Amino acid sequence: MDHPHLDDIVTSDVAICNSPPIVLHVEDDGDFSAALKYRLEAHGVAVVRAFNGDDGIRQSRLRKVDAILLDFNMPFAKGDEVLEALREHEGTKYLPVIAITGGQDKRLELRMKQLGASAHLTKPLKFDDLRKQLSRFIDILPAPVAYPFSKPYTVRGAR
């Protein structure tokens, strides 16, 4: 069964029934983003991806998402700039944002939390740590399923 790629669907174009939670993943590393998308979808979470900071801000305003995973080192806008823009915008002000950084810099972790990050994780990322953090904000399946979104989730109206 083919499933539409949520990267290509604008929320206003579809009616989602029994829809899974949707996470926006803002990450410039395409391989990391694809792997995380696959893992999250197997745990019942739909993933929309943005590959730089500016696109992350734009996607957060175009789509209704339930949480955001935010990398720090990206082109066009660093994670702290994206987080500031998210917290200043009425539609994203209260969205849970999990910052994911590539280093063990405590100052950076503190800065992201001061800007309003709901949680902070470091790479290399342990998926179970991410799942636990996300489960604080969205419904995420504790174990993977064989065919994400085959049931009980249905997406209708995809072009």
# chains A, B, ... in the order shown; residues from 1 in each chain; ligands from 1
>>> residues_around(residues="range 115-118 of chain A", least_positions_apart="6", cutoff="8 Å", atoms="only C-alpha atoms", output="number ranges by chain")
A: 80, 83-84, 87, 96-99
>>> residues_around(residues="Asp139 in chain A", least_positions_apart="2", cutoff="9 Å", atoms="only C-alpha atoms", output="PyMOL selection string")
chain A and resi 20-21+44-45+134-137+141
>>> atom_distance(atom1="CA of Asp28 in chain A", atom2="CA of Ala67 in chain A")
17.8 Å
>>> residues_around(residues="Ala46 in chain A", least_positions_apart="4", cutoff="8 Å", atoms="only C-alpha atoms", output="PDB file with C-alpha atoms, in the first residue's frame")
ATOM      1  CA  LEU A   6       3.664  14.096   4.483  1.00  0.00           C
ATOM      2  CA  PRO A  20      -1.267  10.555  14.075  1.00  0.00           C
ATOM      3  CA  PRO A  21       0.602  13.294  15.890  1.00  0.00           C
ATOM      4  CA  ILE A  22       2.714  15.339  13.493  1.00  0.00           C
ATOM      5  CA  VAL A  23       6.280  16.345  14.314  1.00  0.00           C
ATOM      6  CA  LYS A  37      11.587   9.960  10.070  1.00  0.00           C
ATOM      7  CA  LEU A  40       9.245   7.913  14.241  1.00  0.00           C
ATOM      8  CA  GLU A  41       6.770   6.730  11.623  1.00  0.00           C
TER       9      GLU A  41
END
>>> select_by_dssp(residues="range 19-131 of chain A", states="helix (DSSP H, G or I)", output="ChimeraX atom specification")
/A:30-42,53-62,79-88,106-114,127-131
>>> write_last_selection(atoms="N, CA and C atoms", output="tab-separated table (two decimals), in the first residue's frame")
chain	number	residue	atom	x	y	z
A	30	GLY	N	20.44	15.28	5.78
A	30	GLY	CA	19.38	14.51	5.15
A	30	GLY	C	19.34	13.05	5.57
A	31	ASP	N	20.50	12.43	5.75
A	31	ASP	CA	20.53	11.02	6.17
A	31	ASP	C	19.98	10.85	7.58
A	32	PHE	N	20.41	11.72	8.49
A	32	PHE	CA	19.92	11.66	9.87
A	32	PHE	C	18.41	11.91	9.89
A	33	SER	N	17.96	12.89	9.11
A	33	SER	CA	16.55	13.22	9.06
A	33	SER	C	15.72	12.06	8.52
A	34	ALA	N	16.20	11.41	7.46
A	34	ALA	CA	15.48	10.28	6.88
A	34	ALA	C	15.40	9.11	7.85
A	35	ALA	N	16.50	8.83	8.52
A	35	ALA	CA	16.52	7.73	9.49
A	35	ALA	C	15.56	8.00	10.64
A	36	LEU	N	15.57	9.23	11.14
A	36	LEU	CA	14.69	9.57	12.25
A	36	LEU	C	13.23	9.54	11.81
A	37	LYS	N	12.95	10.01	10.61
A	37	LYS	CA	11.59	9.96	10.07
A	37	LYS	C	11.08	8.52	10.03
A	38	TYR	N	11.91	7.62	9.52
A	38	TYR	CA	11.54	6.21	9.44
A	38	TYR	C	11.24	5.64	10.83
A	39	ARG	N	12.10	5.93	11.80
A	39	ARG	CA	11.90	5.41	13.16
A	39	ARG	C	10.64	5.99	13.79
A	40	LEU	N	10.43	7.29	13.65
A	40	LEU	CA	9.24	7.91	14.24
A	40	LEU	C	7.96	7.40	13.60
A	41	GLU	N	7.96	7.25	12.29
A	41	GLU	CA	6.77	6.73	11.62
A	41	GLU	C	6.45	5.31	12.09
A	42	ALA	N	7.46	4.53	12.36
A	42	ALA	CA	7.24	3.17	12.87
A	42	ALA	C	6.63	3.19	14.26
A	53	GLY	N	17.09	26.37	8.75
A	53	GLY	CA	16.35	27.13	9.75
A	53	GLY	C	15.21	27.95	9.19
A	54	ASP	N	15.44	28.64	8.08
A	54	ASP	CA	14.37	29.45	7.48
A	54	ASP	C	13.19	28.59	7.06
A	55	ASP	N	13.48	27.43	6.45
A	55	ASP	CA	12.40	26.54	6.04
A	55	ASP	C	11.67	25.98	7.26
A	56	GLY	N	12.39	25.75	8.34
A	56	GLY	CA	11.76	25.29	9.57
A	56	GLY	C	10.74	26.29	10.10
A	57	ILE	N	11.11	27.56	10.07
A	57	ILE	CA	10.18	28.61	10.50
A	57	ILE	C	8.97	28.64	9.58
A	58	ARG	N	9.23	28.59	8.27
A	58	ARG	CA	8.14	28.63	7.29
A	58	ARG	C	7.20	27.43	7.45
A	59	GLN	N	7.77	26.23	7.58
A	59	GLN	CA	6.95	25.03	7.72
A	59	GLN	C	6.12	25.08	9.00
A	60	SER	N	6.68	25.63	10.07
A	60	SER	CA	5.95	25.69	11.34
A	60	SER	C	4.72	26.58	11.24
A	61	ARG	N	4.75	27.51	10.30
A	61	ARG	CA	3.61	28.42	10.12
A	61	ARG	C	2.63	27.92	9.08
A	62	LEU	N	3.08	27.05	8.19
A	62	LEU	CA	2.21	26.50	7.15
A	62	LEU	C	1.40	25.30	7.62
A	79	GLY	N	19.70	27.12	15.28
A	79	GLY	CA	18.60	26.66	16.11
A	79	GLY	C	18.10	27.68	17.10
A	80	ASP	N	19.00	28.49	17.68
A	80	ASP	CA	18.55	29.50	18.63
A	80	ASP	C	17.72	30.59	17.95
A	81	GLU	N	18.09	30.94	16.71
A	81	GLU	CA	17.31	31.93	15.96
A	81	GLU	C	15.93	31.37	15.60
A	82	VAL	N	15.89	30.11	15.22
A	82	VAL	CA	14.61	29.47	14.90
A	82	VAL	C	13.74	29.42	16.15
A	83	LEU	N	14.32	29.03	17.26
A	83	LEU	CA	13.56	28.93	18.51
A	83	LEU	C	13.01	30.29	18.93
A	84	GLU	N	13.81	31.33	18.79
A	84	GLU	CA	13.33	32.69	19.11
A	84	GLU	C	12.14	33.05	18.22
A	85	ALA	N	12.24	32.75	16.92
A	85	ALA	CA	11.14	33.06	16.00
A	85	ALA	C	9.89	32.25	16.35
A	86	LEU	N	10.08	30.99	16.75
A	86	LEU	CA	8.93	30.17	17.14
A	86	LEU	C	8.25	30.74	18.37
A	87	ARG	N	9.01	31.18	19.33
A	87	ARG	CA	8.44	31.68	20.59
A	87	ARG	C	7.81	33.06	20.42
A	88	GLU	N	8.19	33.79	19.38
A	88	GLU	CA	7.61	35.11	19.13
A	88	GLU	C	6.32	35.04	18.32
A	106	LYS	N	27.23	22.49	27.62
A	106	LYS	CA	26.24	22.84	28.65
A	106	LYS	C	25.74	24.27	28.48
A	107	ARG	N	26.60	25.17	27.99
A	107	ARG	CA	26.16	26.56	27.77
A	107	ARG	C	25.10	26.62	26.68
A	108	LEU	N	25.29	25.83	25.63
A	108	LEU	CA	24.30	25.79	24.55
A	108	LEU	C	22.99	25.19	25.04
A	109	GLU	N	23.08	24.13	25.81
A	109	GLU	CA	21.88	23.52	26.39
A	109	GLU	C	21.12	24.54	27.24
A	110	LEU	N	21.83	25.27	28.08
A	110	LEU	CA	21.22	26.29	28.93
A	110	LEU	C	20.59	27.39	28.09
A	111	ARG	N	21.30	27.84	27.04
A	111	ARG	CA	20.76	28.88	26.17
A	111	ARG	C	19.46	28.44	25.51
A	112	MET	N	19.43	27.22	24.99
A	112	MET	CA	18.23	26.72	24.32
A	112	MET	C	17.07	26.61	25.31
A	113	LYS	N	17.35	26.19	26.51
A	113	LYS	CA	16.28	26.09	27.51
A	113	LYS	C	15.79	27.48	27.92
A	114	GLN	N	16.71	28.44	28.02
A	114	GLN	CA	16.31	29.82	28.35
A	114	GLN	C	15.44	30.42	27.25
A	127	PHE	N	17.50	6.77	20.32
A	127	PHE	CA	16.09	6.89	19.96
A	127	PHE	C	15.19	6.74	21.17
A	128	ASP	N	15.52	5.86	22.09
A	128	ASP	CA	14.67	5.67	23.26
A	128	ASP	C	14.60	6.94	24.10
A	129	ASP	N	15.69	7.71	24.18
A	129	ASP	CA	15.66	8.99	24.89
A	129	ASP	C	14.72	9.97	24.20
A	130	LEU	N	14.78	10.00	22.87
A	130	LEU	CA	13.89	10.88	22.12
A	130	LEU	C	12.44	10.44	22.31
A	131	ARG	N	12.18	9.15	22.21
A	131	ARG	CA	10.81	8.64	22.39
A	131	ARG	C	10.27	9.03	23.75
>>> closest_residue(among="A:Val65, A:Glu90, A:Leu125, A:Ile140", to="His25 in chain A", atoms="only C-alpha atoms")
A:Val65
>>> atom_distance(atom1="CA of Ser19 in chain A", atom2="CA of Lys123 in chain A")
29.3 Å
>>> closest_residue(among="A:Lys64, A:Thr101, A:Asp29, A:His43", to="Pro142 in chain A", atoms="only C-alpha atoms")
A:His43
>>> closest_residue(among="A:Ala119, A:Arg49, A:Asp71, A:Ala77", to="Gly103 in chain A", atoms="only C-alpha atoms")
A:Asp71
>>> atom_distance(atom1="CA of Pro124 in chain A", atom2="CA of Glu27 in chain A")
13.8 Å
>>> select_by_dssp(residues="range 2-140 of chain A", states="strand (DSSP E)", output="VMD selection string")
chain A and resid 15 to 17 22 to 26 46 to 50 67 to 71 97 to 101 119 to 122
>>> write_last_selection(atoms="N, CA and C atoms", output="PDB file, in the first residue's frame")
ATOM      1  N   ALA A  15      -7.911  16.355   4.719  1.00  0.00           N
ATOM      2  CA  ALA A  15      -8.710  16.121   5.912  1.00  0.00           C
ATOM      3  C   ALA A  15      -8.123  14.878   6.554  1.00  0.00           C
ATOM      4  N   ILE A  16      -7.661  14.998   7.765  1.00  0.00           N
ATOM      5  CA  ILE A  16      -7.026  13.859   8.419  1.00  0.00           C
ATOM      6  C   ILE A  16      -7.968  13.336   9.492  1.00  0.00           C
ATOM      7  N   CYS A  17      -8.304  12.052   9.376  1.00  0.00           N
ATOM      8  CA  CYS A  17      -9.188  11.406  10.329  1.00  0.00           C
ATOM      9  C   CYS A  17      -8.356  10.470  11.186  1.00  0.00           C
ATOM     10  N   ILE A  22       1.787  14.900  14.533  1.00  0.00           N
ATOM     11  CA  ILE A  22       2.714  15.339  13.493  1.00  0.00           C
ATOM     12  C   ILE A  22       3.858  16.107  14.138  1.00  0.00           C
ATOM     13  N   VAL A  23       5.079  15.701  13.804  1.00  0.00           N
ATOM     14  CA  VAL A  23       6.280  16.345  14.314  1.00  0.00           C
ATOM     15  C   VAL A  23       7.008  17.001  13.143  1.00  0.00           C
ATOM     16  N   LEU A  24       7.426  18.232  13.326  1.00  0.00           N
ATOM     17  CA  LEU A  24       8.283  18.919  12.364  1.00  0.00           C
ATOM     18  C   LEU A  24       9.721  18.681  12.784  1.00  0.00           C
ATOM     19  N   HIS A  25      10.523  18.100  11.878  1.00  0.00           N
ATOM     20  CA  HIS A  25      11.929  17.859  12.164  1.00  0.00           C
ATOM     21  C   HIS A  25      12.755  18.833  11.331  1.00  0.00           C
ATOM     22  N   VAL A  26      13.421  19.769  11.986  1.00  0.00           N
ATOM     23  CA  VAL A  26      14.239  20.773  11.317  1.00  0.00           C
ATOM     24  C   VAL A  26      15.693  20.333  11.466  1.00  0.00           C
ATOM     25  N   ALA A  46       3.728  10.983  12.474  1.00  0.00           N
ATOM     26  CA  ALA A  46       3.974  11.527  11.143  1.00  0.00           C
ATOM     27  C   ALA A  46       5.069  12.584  11.253  1.00  0.00           C
ATOM     28  N   VAL A  47       5.899  12.666  10.229  1.00  0.00           N
ATOM     29  CA  VAL A  47       7.028  13.600  10.264  1.00  0.00           C
ATOM     30  C   VAL A  47       7.030  14.470   9.030  1.00  0.00           C
ATOM     31  N   VAL A  48       7.113  15.774   9.255  1.00  0.00           N
ATOM     32  CA  VAL A  48       7.317  16.760   8.211  1.00  0.00           C
ATOM     33  C   VAL A  48       8.738  17.248   8.397  1.00  0.00           C
ATOM     34  N   ARG A  49       9.470  17.397   7.295  1.00  0.00           N
ATOM     35  CA  ARG A  49      10.873  17.770   7.422  1.00  0.00           C
ATOM     36  C   ARG A  49      11.162  19.121   6.794  1.00  0.00           C
ATOM     37  N   ALA A  50      12.088  19.830   7.420  1.00  0.00           N
ATOM     38  CA  ALA A  50      12.647  21.069   6.881  1.00  0.00           C
ATOM     39  C   ALA A  50      14.158  20.926   6.994  1.00  0.00           C
ATOM     40  N   ALA A  67       4.608  18.983  17.657  1.00  0.00           N
ATOM     41  CA  ALA A  67       5.895  19.171  18.326  1.00  0.00           C
ATOM     42  C   ALA A  67       6.955  19.433  17.258  1.00  0.00           C
ATOM     43  N   ILE A  68       8.079  19.979  17.695  1.00  0.00           N
ATOM     44  CA  ILE A  68       9.177  20.280  16.776  1.00  0.00           C
ATOM     45  C   ILE A  68      10.471  19.704  17.330  1.00  0.00           C
ATOM     46  N   LEU A  69      11.222  19.037  16.453  1.00  0.00           N
ATOM     47  CA  LEU A  69      12.576  18.587  16.770  1.00  0.00           C
ATOM     48  C   LEU A  69      13.498  19.534  16.033  1.00  0.00           C
ATOM     49  N   LEU A  70      14.406  20.183  16.765  1.00  0.00           N
ATOM     50  CA  LEU A  70      15.175  21.284  16.194  1.00  0.00           C
ATOM     51  C   LEU A  70      16.673  21.071  16.358  1.00  0.00           C
ATOM     52  N   ASP A  71      17.353  20.962  15.230  1.00  0.00           N
ATOM     53  CA  ASP A  71      18.813  20.899  15.219  1.00  0.00           C
ATOM     54  C   ASP A  71      19.351  22.301  15.523  1.00  0.00           C
ATOM     55  N   VAL A  97       9.230  22.087  21.844  1.00  0.00           N
ATOM     56  CA  VAL A  97      10.396  22.052  20.962  1.00  0.00           C
ATOM     57  C   VAL A  97      11.502  21.284  21.680  1.00  0.00           C
ATOM     58  N   ILE A  98      11.964  20.219  21.032  1.00  0.00           N
ATOM     59  CA  ILE A  98      13.083  19.453  21.570  1.00  0.00           C
ATOM     60  C   ILE A  98      14.313  19.821  20.752  1.00  0.00           C
ATOM     61  N   ALA A  99      15.271  20.455  21.409  1.00  0.00           N
ATOM     62  CA  ALA A  99      16.521  20.828  20.744  1.00  0.00           C
ATOM     63  C   ALA A  99      17.430  19.608  20.694  1.00  0.00           C
ATOM     64  N   ILE A 100      18.029  19.403  19.531  1.00  0.00           N
ATOM     65  CA  ILE A 100      18.962  18.289  19.345  1.00  0.00           C
ATOM     66  C   ILE A 100      20.263  18.881  18.830  1.00  0.00           C
ATOM     67  N   THR A 101      21.313  18.780  19.629  1.00  0.00           N
ATOM     68  CA  THR A 101      22.590  19.380  19.246  1.00  0.00           C
ATOM     69  C   THR A 101      23.663  18.313  19.091  1.00  0.00           C
ATOM     70  N   ALA A 119      12.956  20.526  25.897  1.00  0.00           N
ATOM     71  CA  ALA A 119      13.928  19.498  26.264  1.00  0.00           C
ATOM     72  C   ALA A 119      15.147  19.673  25.379  1.00  0.00           C
ATOM     73  N   HIS A 120      16.227  19.013  25.772  1.00  0.00           N
ATOM     74  CA  HIS A 120      17.472  19.087  25.017  1.00  0.00           C
ATOM     75  C   HIS A 120      18.097  17.703  24.966  1.00  0.00           C
ATOM     76  N   LEU A 121      18.472  17.261  23.767  1.00  0.00           N
ATOM     77  CA  LEU A 121      19.140  15.980  23.578  1.00  0.00           C
ATOM     78  C   LEU A 121      20.390  16.206  22.738  1.00  0.00           C
ATOM     79  N   THR A 122      21.356  15.310  22.868  1.00  0.00           N
ATOM     80  CA  THR A 122      22.590  15.445  22.098  1.00  0.00           C
ATOM     81  C   THR A 122      22.772  14.272  21.149  1.00  0.00           C
TER      82      THR A 122
END
